[in-house]
$ cat protein.txt   # compact mmCIF, C-alpha atoms
# COMPACT_ATOMS: atom_id res chain seq x y z
CA PRO D 1 226.77 44.33 120.85
CA HIS D 2 224.35 46.21 123.05
CA THR D 3 225.19 45.97 126.77
CA PRO D 4 222.05 46.26 128.91
CA HIS D 5 222.15 48.65 131.85
CA PRO D 6 220.90 47.43 135.18
CA PRO D 7 217.47 48.76 136.15
CA PRO D 8 217.53 51.92 138.29
CA HIS D 9 217.27 51.31 141.99
CA SER D 10 214.24 52.71 143.83
CA PRO D 11 215.26 54.81 146.82
CA ARG D 12 214.97 52.89 150.02
CA PRO D 13 212.95 54.39 152.87
CA PRO D 14 215.04 55.29 155.90
CA PRO D 15 215.01 52.60 158.56
CA PRO D 16 212.68 53.24 161.45
CA ASN D 17 214.17 54.56 164.63
CA PRO D 18 214.68 52.04 167.38
CA PRO D 19 211.82 52.06 169.86
CA ASP D 20 213.86 53.88 172.51
CA LYS D 21 214.74 56.64 170.05
CA GLN D 22 211.30 57.25 168.62
CA ARG D 23 210.54 60.97 168.65
CA LYS D 24 207.92 61.86 171.22
CA ARG D 25 205.16 64.08 170.03
CA PRO D 26 204.52 67.04 172.31
CA ASN D 27 201.37 66.98 174.33
CA THR D 28 199.21 69.41 172.40
CA LYS D 29 196.19 69.01 174.61
CA THR D 30 194.93 72.32 175.95
CA HIS D 31 192.71 72.92 178.94
CA THR D 32 189.77 75.23 179.20
CA ALA D 33 188.61 76.04 182.70
CA THR D 34 184.84 75.74 182.63
CA LYS D 35 184.08 75.05 186.27
CA THR D 36 183.02 78.01 188.38
CA LEU D 37 185.26 77.89 191.44
CA GLN D 38 183.87 78.37 194.93
CA THR D 39 184.88 81.44 196.91
CA GLN D 40 185.56 81.39 200.63
CA ASP D 41 184.51 84.18 202.99
CA SER D 42 187.04 85.55 205.42
CA LYS D 43 186.28 84.76 209.05
CA HIS D 44 187.85 88.04 210.15
CA LEU D 45 186.86 90.71 207.61
CA SER D 46 183.39 91.19 206.20
CA GLY D 47 183.32 91.04 202.40
CA VAL D 48 186.86 89.73 201.89
CA GLN D 49 186.87 86.54 199.82
CA SER D 50 189.48 84.15 198.48
CA VAL D 51 189.42 81.56 195.72
CA HIS D 52 191.77 78.62 195.26
CA LEU D 53 192.61 78.64 191.58
CA GLN D 54 192.86 75.47 189.55
CA SER D 55 195.99 74.87 187.49
CA TYR D 56 196.80 72.30 184.82
CA ARG D 57 200.41 71.16 184.63
CA ASP D 58 202.40 69.17 182.10
CA GLU D 59 205.90 69.16 180.59
CA ARG D 60 205.30 72.66 179.18
CA ARG D 61 204.60 73.99 182.75
CA ARG D 62 201.07 75.11 183.58
CA PHE D 63 197.85 76.77 182.49
CA MET D 64 195.53 78.57 184.90
CA GLU D 65 192.42 80.72 184.74
CA SER D 66 193.23 83.56 187.13
CA PHE D 67 190.02 85.62 187.17
CA ARG D 68 186.37 85.35 186.22
CA LYS D 69 183.80 87.98 187.06
CA GLU D 70 181.19 85.31 187.85
CA TRP D 71 183.22 84.36 190.93
CA PHE D 72 182.25 87.69 192.52
CA PRO D 73 178.69 88.49 191.41
CA GLN D 74 178.30 91.18 194.09
CA ARG D 75 179.99 93.54 191.60
CA SER D 76 178.85 94.21 188.05
CA TRP D 77 182.41 94.39 186.63
CA ASP D 78 181.08 96.61 183.84
CA ILE D 79 184.39 98.46 183.96
CA ILE D 80 187.57 96.44 184.31
CA GLN D 81 191.20 97.50 184.41
CA CYS D 82 193.99 94.99 184.90
CA ASN D 83 197.34 96.18 186.24
CA ARG D 84 200.75 94.72 187.07
CA SER D 85 203.01 95.68 189.97
CA ASP D 86 206.60 94.42 190.36
CA SER D 87 208.36 94.79 193.71
CA LYS D 88 211.76 93.75 194.98
CA LYS D 89 212.22 91.89 198.24
CA GLY D 90 211.62 94.11 201.27
CA VAL D 91 209.18 96.55 199.63
CA ILE D 92 206.01 97.47 201.51
CA ARG D 93 203.13 99.08 199.61
CA GLY D 94 200.17 100.37 201.62
CA LEU D 95 197.98 100.73 203.38
CA HIS D 96 195.63 101.97 200.63
CA ASP D 97 191.86 102.12 200.56
CA HIS D 98 189.07 103.07 198.17
CA HIS D 99 185.57 104.42 198.65
CA HIS D 100 184.17 103.12 195.35
CA GLN D 101 186.53 100.54 193.89
CA VAL D 102 187.20 96.89 194.66
CA ASP D 103 190.41 94.95 194.01
CA TYR D 104 191.14 91.38 192.97
CA TRP D 105 194.73 90.20 193.51
CA TYR D 106 196.71 87.29 192.11
CA VAL D 107 200.45 86.52 192.32
CA PRO D 108 201.90 84.69 189.28
CA TRP D 109 205.48 84.91 190.54
CA GLY D 110 207.10 85.30 193.96
CA HIS D 111 205.73 85.51 197.50
CA MET D 112 203.98 88.38 199.25
CA ARG D 113 202.29 88.97 202.57
CA VAL D 114 198.97 90.79 202.24
CA CYS D 115 197.89 92.94 205.17
CA LEU D 116 194.25 93.98 205.47
CA ALA D 117 192.38 96.24 207.89
CA ASP D 118 188.70 97.10 208.06
CA ILE D 119 188.28 100.87 208.37
CA ARG D 120 184.52 101.02 207.66
CA PRO D 121 182.76 102.34 210.81
CA SER D 122 179.50 100.69 209.71
CA SER D 123 181.09 97.25 209.25
CA PRO D 124 180.54 94.42 211.77
CA THR D 125 184.30 93.75 211.57
CA TYR D 126 185.40 97.39 211.98
CA LEU D 127 189.05 97.62 213.13
CA ASN D 128 189.65 93.93 212.55
CA SER D 129 192.76 92.99 210.59
CA GLN D 130 194.07 89.95 208.76
CA VAL D 131 197.34 88.77 207.22
CA ILE D 132 197.32 86.41 204.22
CA ASP D 133 200.32 85.03 202.34
CA ILE D 134 199.90 84.74 198.57
CA SER D 135 202.46 83.13 196.29
CA GLN D 136 202.91 81.38 192.98
CA GLU D 137 202.76 78.12 194.91
CA ASN D 138 199.49 78.44 196.83
CA GLU D 139 197.57 79.72 193.76
CA LEU D 140 195.24 81.99 195.71
CA GLY D 141 193.08 84.80 194.36
CA LEU D 142 191.93 87.52 196.78
CA PHE D 143 188.90 89.81 196.56
CA ILE D 144 189.16 93.05 198.58
CA PRO D 145 185.94 95.03 198.97
CA VAL D 146 185.43 98.76 199.24
CA GLY D 147 186.64 100.16 202.56
CA VAL D 148 189.12 97.46 203.51
CA ALA D 149 192.58 99.03 203.67
CA HIS D 150 195.14 96.85 201.94
CA GLY D 151 198.84 96.56 201.34
CA PHE D 152 201.55 93.98 200.96
CA ALA D 153 205.13 93.20 201.85
CA ALA D 154 207.35 91.55 199.25
CA LEU D 155 208.88 88.53 201.01
CA THR D 156 210.73 87.79 197.76
CA ASP D 157 210.94 89.65 194.49
CA VAL D 158 207.31 89.46 193.47
CA THR D 159 204.81 90.27 190.71
CA LEU D 160 201.22 91.20 191.53
CA ILE D 161 198.45 91.16 188.93
CA TYR D 162 195.38 93.00 190.11
CA VAL D 163 191.99 93.72 188.60
CA VAL D 164 189.93 96.76 189.62
CA ASP D 165 186.40 97.70 188.62
CA ASN D 166 187.24 101.29 187.80
CA TYR D 167 189.66 102.97 185.42
CA PHE D 168 192.61 104.96 186.73
CA ASN D 169 191.22 108.41 187.50
CA GLY D 170 194.26 110.37 188.59
CA GLY D 171 194.10 109.26 192.21
CA LYS D 172 190.62 110.58 193.05
CA ASP D 173 189.76 107.36 194.88
CA GLU D 174 193.23 106.63 196.24
CA ASN D 175 193.38 107.00 200.01
CA GLY D 176 195.75 105.71 202.65
CA VAL D 177 196.33 104.77 206.28
CA ALA D 178 199.70 104.39 208.01
CA TRP D 179 201.15 100.95 207.40
CA ASN D 180 202.43 100.74 210.99
CA ASP D 181 199.30 101.93 212.80
CA ASN D 182 199.27 100.00 216.09
CA VAL D 183 195.47 99.84 215.99
CA PHE D 184 195.76 97.03 213.45
CA ASP D 185 198.78 95.17 214.89
CA LEU D 186 199.89 93.90 211.47
CA ASP D 187 202.90 91.62 211.11
CA TRP D 188 204.42 92.56 207.76
CA GLY D 189 207.31 90.10 208.05
CA VAL D 190 209.95 92.62 206.89
CA GLU D 191 212.67 93.98 209.17
CA GLU D 192 213.99 96.83 207.00
CA PRO D 193 211.10 97.87 204.76
CA ILE D 194 211.45 99.92 201.60
CA ILE D 195 208.50 102.34 201.54
CA SER D 196 207.58 105.18 199.21
CA LYS D 197 207.40 108.78 200.40
CA ARG D 198 203.68 108.79 199.71
CA ASP D 199 203.02 105.76 201.94
CA LEU D 200 205.25 107.11 204.71
CA GLU D 201 203.02 110.20 204.81
CA ASN D 202 199.76 108.28 205.18
CA PRO D 203 197.90 109.40 208.34
CA PHE D 204 197.09 107.22 211.33
CA LEU D 205 193.47 106.19 211.60
CA GLU D 206 192.82 108.45 214.60
CA GLN D 207 193.81 111.44 212.46
CA LEU D 208 191.00 110.85 209.97
CA ASN D 209 187.54 112.30 210.47
CA SER D 210 184.37 110.39 209.68
CA GLU D 211 183.96 112.01 206.26
CA GLU D 212 187.36 110.70 205.19
CA LEU D 213 186.47 107.13 206.04
CA PRO D 214 184.68 104.72 203.69
CA LYS D 215 181.06 103.88 204.42

$ encode --input "protein.txt" --output "C-alpha cells"
Amino acid sequence: PHTPHPPPHSPRPPPPNPPDKQRKRPNTKTHTATKTLQTQDSKHLSGVQSVHLQSYRDERRRFMESFRKEWFPQRSWDIIQCNRSDSKKGVIRGLHDHHHQVDYWYVPWGHMRVCLADIRPSSPTYLNSQVIDISQENELGLFIPVGVAHGFAALTDVTLIYVVDNYFNGGKDENGVAWNDNVFDLDWGVEEPIISKRDLENPFLEQLNSEELPK
C-alpha cells in the first residue's frame, strides 16, 4: 500500500532579537552649514578677524564647515590656494608677511600659538602685536590681512590648514621679520624653539627701509 509522505515544512523565520539586542541603525543624518557666521574684529590689530566655527557632533565624530569666502567679503577670493603645514611640538614658523596676499588659518588637529604684528606704517595699529591660541578644541578661524606679520609656535604636534588668495609664485611675495624682535614683545610660549635657517635670518624691523614695508 501507498504510504503518504508528510507535507514539506515551510522554513520558519528567525526569531526576532530581544529588545536589548536589536541592531542600532547608524545615524545617517548629515549636516549642511547654511548659516553665514559672524566675524569678530580684533581690538588690537586693524583688519584681523576671527570666526568661531560651528561643528556638528555625533557618534561618528564631527562635521564642520571651515571656510567660506562670504565670511570675508573685503577680498574677492577669485584665486584660492589651500595648503597644509604639519609641525612638531616646539617649532616656530615666522614672522612672515605679504604685500599682496591675505591668509586664512584653521587648525584641525593640535594646538598652536599665533603671533601677529602690524608692520604697516600707514595703519592705525602700527607696531601693535597680538597673541592668539588656536586649537582643534576652540574651533577658531583667523583672517590675516596684507601687511600683518604672522607666525606660530607649535605648543603640541599640530596641523595648520591655510587658505591664501594667490597661487604660490616662487616666493615673490614672501617676506619676513625677526621672530624675536623686541619691538613686538611676543610671548611664543616655547623655551627651546626649533626654527628654520630662513626664519633665523629674517631682519629686525629697524633694518628694513620704507620700501620694504607693506603699505

$ closest_residue --input "protein.txt" --among "D:Leu53, D:Pro121, D:Phe143, D:Gln207" --to "D:Pro73" --atoms "only C-alpha atoms"
D:Phe143

$ residues_around --input "protein.txt" --residues "stretch 160-169 of chain D" --least-positions-apart "3" --cutoff "9 Å" --atoms "all atoms listed in the file" --output "ChimeraX atom specification"
/D:67,75-87,100-110,112,172-173

$ residues_around --input "protein.txt" --residues "D:Phe152" --least-positions-apart "4" --cutoff "9 Å" --atoms "all atoms listed in the file" --output "list in words"
Val91, Ile92, Arg93, Gly94, Leu95, Met112, Arg113, Val114, Cys115, Leu116 and Trp188 of chain D

$ closest_residue --input "protein.txt" --among "D:Ala117, D:Leu155, D:Val148, D:Val177" --to "D:Ile134" --atoms "all atoms listed in the file"
D:Leu155

$ residues_around --input "protein.txt" --residues "D:Phe184" --least-positions-apart "2" --cutoff "12 Å" --atoms "only C-alpha atoms" --output "count of residues only"
27

$ atom_distance --input "protein.txt" --atom1 "atom CA of D:Leu142" --atom2 "atom CA of D:Lys69"
12.7 Å

$ atom_distance --input "protein.txt" --atom1 "atom CA of D:His98" --atom2 "atom CA of D:Trp71"
20.9 Å

$ closest_residue --input "protein.txt" --among "D:Asn175, D:Asn209, D:Ser42, D:Ser50" --to "D:Gly151" --atoms "only C-alpha atoms"
D:Asn175

$ atom_distance --input "protein.txt" --atom1 "atom CA of D:Glu174" --atom2 "atom CA of D:Lys43"
26.3 Å

$ closest_residue --input "protein.txt" --among "D:His96, D:Lys89, D:Glu139, D:Ser122" --to "D:Tyr56" --atoms "only C-alpha atoms"
D:Glu139

$ build_atoms --input "protein.txt" --residues "stretch 53-64 of chain D" --atoms "all heavy atoms" --output "PDB file, in the coordinates of the input"
ATOM      1  N   LEU D  53     192.619  78.795 193.032  1.00  0.00           N
ATOM      2  CA  LEU D  53     192.610  78.640 191.580  1.00  0.00           C
ATOM      3  C   LEU D  53     193.015  77.228 191.186  1.00  0.00           C
ATOM      4  O   LEU D  53     193.729  76.542 191.927  1.00  0.00           O
ATOM      5  CB  LEU D  53     193.548  79.672 190.951  1.00  0.00           C
ATOM      6  CG  LEU D  53     193.246  81.122 191.361  1.00  0.00           C
ATOM      7  CD1 LEU D  53     194.326  82.059 190.858  1.00  0.00           C
ATOM      8  CD2 LEU D  53     191.885  81.567 190.832  1.00  0.00           C
ATOM      9  N   GLN D  54     192.577  76.819 190.030  1.00  0.00           N
ATOM     10  CA  GLN D  54     192.860  75.470 189.550  1.00  0.00           C
ATOM     11  C   GLN D  54     193.862  75.560 188.403  1.00  0.00           C
ATOM     12  O   GLN D  54     193.636  76.257 187.422  1.00  0.00           O
ATOM     13  CB  GLN D  54     191.563  74.809 189.062  1.00  0.00           C
ATOM     14  CG  GLN D  54     191.727  73.348 188.691  1.00  0.00           C
ATOM     15  CD  GLN D  54     190.397  72.688 188.388  1.00  0.00           C
ATOM     16  OE1 GLN D  54     189.369  73.353 188.307  1.00  0.00           O
ATOM     17  NE2 GLN D  54     190.417  71.378 188.212  1.00  0.00           N
ATOM     18  N   SER D  55     194.965  74.844 188.540  1.00  0.00           N
ATOM     19  CA  SER D  55     195.990  74.870 187.490  1.00  0.00           C
ATOM     20  C   SER D  55     196.106  73.502 186.843  1.00  0.00           C
ATOM     21  O   SER D  55     195.786  72.473 187.446  1.00  0.00           O
ATOM     22  CB  SER D  55     197.345  75.295 188.070  1.00  0.00           C
ATOM     23  OG  SER D  55     197.819  74.344 189.004  1.00  0.00           O
ATOM     24  N   TYR D  56     196.574  73.511 185.599  1.00  0.00           N
ATOM     25  CA  TYR D  56     196.800  72.300 184.820  1.00  0.00           C
ATOM     26  C   TYR D  56     198.270  72.280 184.431  1.00  0.00           C
ATOM     27  O   TYR D  56     198.767  73.216 183.795  1.00  0.00           O
ATOM     28  CB  TYR D  56     195.919  72.287 183.567  1.00  0.00           C
ATOM     29  CG  TYR D  56     194.446  72.421 183.868  1.00  0.00           C
ATOM     30  CD1 TYR D  56     193.844  73.678 183.982  1.00  0.00           C
ATOM     31  CD2 TYR D  56     193.649  71.299 184.050  1.00  0.00           C
ATOM     32  CE1 TYR D  56     192.489  73.799 184.263  1.00  0.00           C
ATOM     33  CE2 TYR D  56     192.294  71.412 184.330  1.00  0.00           C
ATOM     34  CZ  TYR D  56     191.723  72.669 184.431  1.00  0.00           C
ATOM     35  OH  TYR D  56     190.387  72.797 184.714  1.00  0.00           O
ATOM     36  N   ARG D  57     198.970  71.218 184.818  1.00  0.00           N
ATOM     37  CA  ARG D  57     200.410  71.160 184.630  1.00  0.00           C
ATOM     38  C   ARG D  57     200.787  69.994 183.712  1.00  0.00           C
ATOM     39  O   ARG D  57     200.169  68.929 183.755  1.00  0.00           O
ATOM     40  CB  ARG D  57     201.128  71.002 185.969  1.00  0.00           C
ATOM     41  CG  ARG D  57     200.909  72.180 186.926  1.00  0.00           C
ATOM     42  CD  ARG D  57     201.533  71.923 188.287  1.00  0.00           C
ATOM     43  NE  ARG D  57     201.263  73.009 189.213  1.00  0.00           N
ATOM     44  CZ  ARG D  57     202.081  74.024 189.444  1.00  0.00           C
ATOM     45  NH1 ARG D  57     203.237  74.090 188.796  1.00  0.00           N
ATOM     46  NH2 ARG D  57     201.774  74.972 190.304  1.00  0.00           N
ATOM     47  N   ASP D  58     201.799  70.235 182.893  1.00  0.00           N
ATOM     48  CA  ASP D  58     202.400  69.170 182.100  1.00  0.00           C
ATOM     49  C   ASP D  58     203.845  69.564 181.816  1.00  0.00           C
ATOM     50  O   ASP D  58     204.385  70.472 182.468  1.00  0.00           O
ATOM     51  CB  ASP D  58     201.607  68.892 180.814  1.00  0.00           C
ATOM     52  CG  ASP D  58     201.496  70.111 179.896  1.00  0.00           C
ATOM     53  OD1 ASP D  58     202.341  71.039 180.011  1.00  0.00           O
ATOM     54  OD2 ASP D  58     200.584  70.144 179.053  1.00  0.00           O
ATOM     55  N   GLU D  59     204.481  68.903 180.838  1.00  0.00           N
ATOM     56  CA  GLU D  59     205.900  69.160 180.590  1.00  0.00           C
ATOM     57  C   GLU D  59     206.168  70.585 180.097  1.00  0.00           C
ATOM     58  O   GLU D  59     207.294  71.071 180.139  1.00  0.00           O
ATOM     59  CB  GLU D  59     206.458  68.151 179.574  1.00  0.00           C
ATOM     60  CG  GLU D  59     205.862  68.256 178.171  1.00  0.00           C
ATOM     61  CD  GLU D  59     204.582  67.456 178.002  1.00  0.00           C
ATOM     62  OE1 GLU D  59     204.000  67.027 179.020  1.00  0.00           O
ATOM     63  OE2 GLU D  59     204.157  67.269 176.844  1.00  0.00           O
ATOM     64  N   ARG D  60     205.125  71.272 179.626  1.00  0.00           N
ATOM     65  CA  ARG D  60     205.300  72.660 179.180  1.00  0.00           C
ATOM     66  C   ARG D  60     205.266  73.658 180.329  1.00  0.00           C
ATOM     67  O   ARG D  60     205.635  74.780 180.182  1.00  0.00           O
ATOM     68  CB  ARG D  60     204.213  73.019 178.165  1.00  0.00           C
ATOM     69  CG  ARG D  60     204.215  72.165 176.908  1.00  0.00           C
ATOM     70  CD  ARG D  60     202.941  72.364 176.112  1.00  0.00           C
ATOM     71  NE  ARG D  60     201.753  71.931 176.886  1.00  0.00           N
ATOM     72  CZ  ARG D  60     200.498  72.091 176.450  1.00  0.00           C
ATOM     73  NH1 ARG D  60     200.272  72.668 175.283  1.00  0.00           N
ATOM     74  NH2 ARG D  60     199.493  71.667 177.183  1.00  0.00           N
ATOM     75  N   ARG D  61     204.765  73.288 181.485  1.00  0.00           N
ATOM     76  CA  ARG D  61     204.600  73.990 182.750  1.00  0.00           C
ATOM     77  C   ARG D  61     203.146  74.015 183.152  1.00  0.00           C
ATOM     78  O   ARG D  61     202.612  73.002 183.533  1.00  0.00           O
ATOM     79  CB  ARG D  61     205.258  75.367 182.752  1.00  0.00           C
ATOM     80  CG  ARG D  61     206.779  75.254 182.655  1.00  0.00           C
ATOM     81  CD  ARG D  61     207.535  76.461 183.131  1.00  0.00           C
ATOM     82  NE  ARG D  61     207.464  76.658 184.557  1.00  0.00           N
ATOM     83  CZ  ARG D  61     208.073  77.655 185.178  1.00  0.00           C
ATOM     84  NH1 ARG D  61     208.786  78.522 184.497  1.00  0.00           N
ATOM     85  NH2 ARG D  61     207.987  77.784 186.483  1.00  0.00           N
ATOM     86  N   ARG D  62     202.432  75.147 183.068  1.00  0.00           N
ATOM     87  CA  ARG D  62     201.070  75.110 183.580  1.00  0.00           C
ATOM     88  C   ARG D  62     200.179  76.118 182.870  1.00  0.00           C
ATOM     89  O   ARG D  62     200.644  77.100 182.280  1.00  0.00           O
ATOM     90  CB  ARG D  62     201.038  75.385 185.088  1.00  0.00           C
ATOM     91  CG  ARG D  62     201.392  76.805 185.481  1.00  0.00           C
ATOM     92  CD  ARG D  62     201.205  77.038 186.977  1.00  0.00           C
ATOM     93  NE  ARG D  62     201.698  78.358 187.354  1.00  0.00           N
ATOM     94  CZ  ARG D  62     201.541  78.892 188.557  1.00  0.00           C
ATOM     95  NH1 ARG D  62     200.917  78.216 189.495  1.00  0.00           N
ATOM     96  NH2 ARG D  62     202.017  80.083 188.833  1.00  0.00           N
ATOM     97  N   PHE D  63     198.880  75.850 182.949  1.00  0.00           N
ATOM     98  CA  PHE D  63     197.850  76.770 182.490  1.00  0.00           C
ATOM     99  C   PHE D  63     196.906  77.003 183.657  1.00  0.00           C
ATOM    100  O   PHE D  63     196.583  76.082 184.409  1.00  0.00           O
ATOM    101  CB  PHE D  63     197.066  76.186 181.308  1.00  0.00           C
ATOM    102  CG  PHE D  63     195.799  76.956 181.000  1.00  0.00           C
ATOM    103  CD1 PHE D  63     195.838  78.082 180.207  1.00  0.00           C
ATOM    104  CD2 PHE D  63     194.580  76.557 181.542  1.00  0.00           C
ATOM    105  CE1 PHE D  63     194.677  78.803 179.942  1.00  0.00           C
ATOM    106  CE2 PHE D  63     193.420  77.273 181.287  1.00  0.00           C
ATOM    107  CZ  PHE D  63     193.464  78.392 180.470  1.00  0.00           C
ATOM    108  N   MET D  64     196.433  78.259 183.796  1.00  0.00           N
ATOM    109  CA  MET D  64     195.530  78.570 184.900  1.00  0.00           C
ATOM    110  C   MET D  64     194.613  79.721 184.496  1.00  0.00           C
ATOM    111  O   MET D  64     195.047  80.693 183.876  1.00  0.00           O
ATOM    112  CB  MET D  64     196.347  78.985 186.136  1.00  0.00           C
ATOM    113  CG  MET D  64     195.497  79.444 187.307  1.00  0.00           C
ATOM    114  SD  MET D  64     196.529  80.135 188.618  1.00  0.00           S
ATOM    115  CE  MET D  64     197.448  78.688 189.082  1.00  0.00           C
TER     116      MET D  64
END
